[in-house]
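A quick write-up on the structure given underneath.
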Amino acid sequence: MRRLNPAPWMIAALVVLTFAAPAAAQSTRPTVALLDFDYGTLNAWWGTQDIGKGIADLIVDGLVEDGSYRIIERKRLDAILTEQNFSNSDRADPAAAKVAKIGKALGVKYLIVGSITKFGMEDKGMKIGGGGWGAGRFGLGEVGTKKGKATVAVTARMVDTSTGEIMASAKGEGTSSRSGLLLGGAANHVGGNIEFGASNFRDTVLGEATDAAVKLVVAKLIAAKTRLE
């Protein structure tokens with residue numbers, strides 16, 4: 001049986017299609033920037049800890065890992081925010097004019113903003129969070145491995161930078177209740193600050209609750225892509 005060789009034009013077409021498919025997939029990914037989240041409704045028992053930045057970083061990691069969005073690098077975003085005199089009070093609900101300026105400066109269609117409404121723990125004999133524990137004692141391991149419960153709740157919104165319209169809202173709440181390391185000792189932080197991405201934080205009760213809340217928010221933001229232009 002005679003073997004037919006493909007015509008040169010067929011080979012060329014196949015090569016074009018092979019390289020065009022990934023390029024087309026890349027072009028359909030919306031470009032977004034994500035601000036540090038607001039946590040002003042929580043009592044500041046963390047001292048100088050910016051838990052809004054920690055949560056935002058975890059959400060960025062989740063979105064980058066999925067690949068549905070192009071994410072603006074955080075250092076570039078911080079530089080633009082400094083130029084725009086962007087304050088912490090703008091995190092949850094920035095003015096339309098500021099959203100438009102950020103979008104234009106970064107070349108992004110969408111901006112993700114949000115807030116943390118719950119971030120605390122309690123054990124049988126001591127409530128932690130809500131002002132019940134002094135910031136100076138954070139991270140020293142007094143909590144030990146008692147049975148306790150942690151709750152974390154996060155809300156994110158995706159805003160169209162050209163119109164100010166809210167395109168999607170994503171809420172996630174995570175709880176963890178068990179006997180185990182509630183907060184952990186000095187290994188969880190540097191200078192009193194939680195390392196949100198560290199495995200020894202994720203293994204704590206509070207870390208488990210944080211991880212559950214963040215995963216829900218990330219999943220909902222990914223699902224919202226189908227509603228974007």
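FYI, nothing fancy with the structure tokens labels: chains A, B, ... in order, residues from 1 per chain, ligands from 1 as they appear.
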DSSP alpha helix (DSSP H) residues within range 33-113 of chain A, listed as a CSV table (one decimal) with N, CA and C atoms, in the first residue's frame:
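out.csv, written as the output of this step:
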```csv
chain,number,residue,atom,x,y,z
A,51,ILE,N,-2.7,41.8,58.6
A,51,ILE,CA,-3.3,40.6,58.2
A,51,ILE,C,-4.0,40.7,56.8
A,52,GLY,N,-4.4,41.9,56.5
A,52,GLY,CA,-5.0,42.1,55.1
A,52,GLY,C,-4.0,41.8,54.0
A,53,LYS,N,-2.8,42.2,54.2
A,53,LYS,CA,-1.7,41.9,53.2
A,53,LYS,C,-1.5,40.4,53.2
A,54,GLY,N,-1.5,39.7,54.3
A,54,GLY,CA,-1.2,38.3,54.4
A,54,GLY,C,-2.3,37.5,53.6
A,55,ILE,N,-3.6,37.9,53.9
A,55,ILE,CA,-4.7,37.2,53.2
A,55,ILE,C,-4.6,37.4,51.7
A,56,ALA,N,-4.4,38.7,51.3
A,56,ALA,CA,-4.3,39.0,49.9
A,56,ALA,C,-3.2,38.2,49.2
A,57,ASP,N,-2.1,38.1,49.8
A,57,ASP,CA,-1.0,37.3,49.2
A,57,ASP,C,-1.4,35.8,49.0
A,58,LEU,N,-2.2,35.3,49.9
A,58,LEU,CA,-2.6,33.9,49.8
A,58,LEU,C,-3.6,33.8,48.6
A,59,ILE,N,-4.5,34.8,48.4
A,59,ILE,CA,-5.4,34.7,47.3
A,59,ILE,C,-4.7,34.9,46.0
A,60,VAL,N,-3.7,35.8,46.0
A,60,VAL,CA,-2.8,35.9,44.8
A,60,VAL,C,-2.2,34.6,44.4
A,61,ASP,N,-1.6,33.9,45.4
A,61,ASP,CA,-1.0,32.6,45.2
A,61,ASP,C,-2.0,31.6,44.5
A,62,GLY,N,-3.2,31.6,45.1
A,62,GLY,CA,-4.2,30.7,44.6
A,62,GLY,C,-4.6,31.0,43.1
A,63,LEU,N,-4.7,32.3,42.8
A,63,LEU,CA,-5.1,32.6,41.4
A,63,LEU,C,-4.0,32.4,40.4
A,64,VAL,N,-2.8,32.6,40.9
A,64,VAL,CA,-1.6,32.4,40.0
A,64,VAL,C,-1.5,30.9,39.7
A,65,GLU,N,-1.7,30.1,40.8
A,65,GLU,CA,-1.6,28.6,40.6
A,65,GLU,C,-2.6,28.1,39.6
A,66,ASP,N,-3.9,28.7,39.7
A,66,ASP,CA,-4.9,28.2,38.8
A,66,ASP,C,-4.6,28.7,37.3
A,74,ARG,N,3.0,42.4,42.7
A,74,ARG,CA,2.6,43.2,43.8
A,74,ARG,C,3.5,44.4,44.0
A,75,LYS,N,4.8,44.3,43.7
A,75,LYS,CA,5.7,45.4,43.9
A,75,LYS,C,5.3,46.5,42.9
A,76,ARG,N,5.0,46.2,41.7
A,76,ARG,CA,4.5,47.2,40.7
A,76,ARG,C,3.3,47.9,41.2
A,77,LEU,N,2.3,47.1,41.8
A,77,LEU,CA,1.1,47.7,42.3
A,77,LEU,C,1.4,48.6,43.4
A,78,ASP,N,2.3,48.2,44.3
A,78,ASP,CA,2.6,49.1,45.5
A,78,ASP,C,3.2,50.4,45.0
A,79,ALA,N,4.0,50.4,44.0
A,79,ALA,CA,4.6,51.6,43.5
A,79,ALA,C,3.5,52.6,43.0
A,80,ILE,N,2.5,52.0,42.3
A,80,ILE,CA,1.4,52.9,41.7
A,80,ILE,C,0.6,53.4,42.9
A,81,LEU,N,0.3,52.6,43.9
A,81,LEU,CA,-0.5,53.1,45.0
A,81,LEU,C,0.2,54.2,45.7
A,82,THR,N,1.5,54.1,45.9
A,82,THR,CA,2.2,55.2,46.5
A,82,THR,C,2.1,56.5,45.7
A,83,GLU,N,2.2,56.4,44.4
A,83,GLU,CA,2.0,57.6,43.5
A,83,GLU,C,0.6,58.2,43.6
A,96,ALA,N,-14.3,55.7,43.0
A,96,ALA,CA,-14.3,55.4,41.5
A,96,ALA,C,-13.1,56.0,40.8
A,97,ALA,N,-12.8,57.3,41.2
A,97,ALA,CA,-11.7,58.0,40.5
A,97,ALA,C,-10.3,57.3,40.7
A,98,LYS,N,-10.1,56.8,42.0
A,98,LYS,CA,-8.9,56.1,42.3
A,98,LYS,C,-8.8,54.8,41.6
A,99,VAL,N,-10.0,54.1,41.5
A,99,VAL,CA,-10.0,52.8,40.8
A,99,VAL,C,-9.6,53.0,39.3
A,100,ALA,N,-10.2,54.1,38.7
A,100,ALA,CA,-9.9,54.3,37.3
A,100,ALA,C,-8.4,54.7,37.1
A,101,LYS,N,-7.8,55.4,38.0
A,101,LYS,CA,-6.4,55.8,37.9
A,101,LYS,C,-5.5,54.6,38.0
A,102,ILE,N,-5.8,53.7,39.0
A,102,ILE,CA,-5.0,52.5,39.2
A,102,ILE,C,-5.1,51.6,37.9
A,103,GLY,N,-6.4,51.5,37.4
A,103,GLY,CA,-6.6,50.6,36.2
A,103,GLY,C,-5.8,51.2,35.0
A,104,LYS,N,-5.8,52.5,34.8
A,104,LYS,CA,-5.1,53.1,33.7
A,104,LYS,C,-3.6,53.0,33.9
A,105,ALA,N,-3.1,53.2,35.1
A,105,ALA,CA,-1.7,53.2,35.3
A,105,ALA,C,-1.1,51.8,35.2
A,106,LEU,N,-1.9,50.8,35.6
A,106,LEU,CA,-1.4,49.4,35.5
A,106,LEU,C,-1.8,48.7,34.2
```
Write out as a ChimeraX atom specification the set of residues from range 20-111 of chain A that DSSP, computed on the backbone, places in strand (DSSP E or B).
/A:31-34,38,70-71,110-111
With a distance cut-off of 7 Å and only C-alpha atoms, select the neighbouring residues of Asp160 in chain A, excluding the residue or stretch itself and same-chain residues fewer than 3 positions from it, and output the selection as a ChimeraX atom specification.
/A:109-111,163-167
May I have the residues within 8 Å of Asp211 in chain A as a count of residues only, using only C-alpha atoms and disregarding those fewer than 4 positions away in the same chain?
4
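The two atoms in question, CA of Ile112 in chain A and CA of Glu208 in chain A, are spaced 23.4 Å apart.
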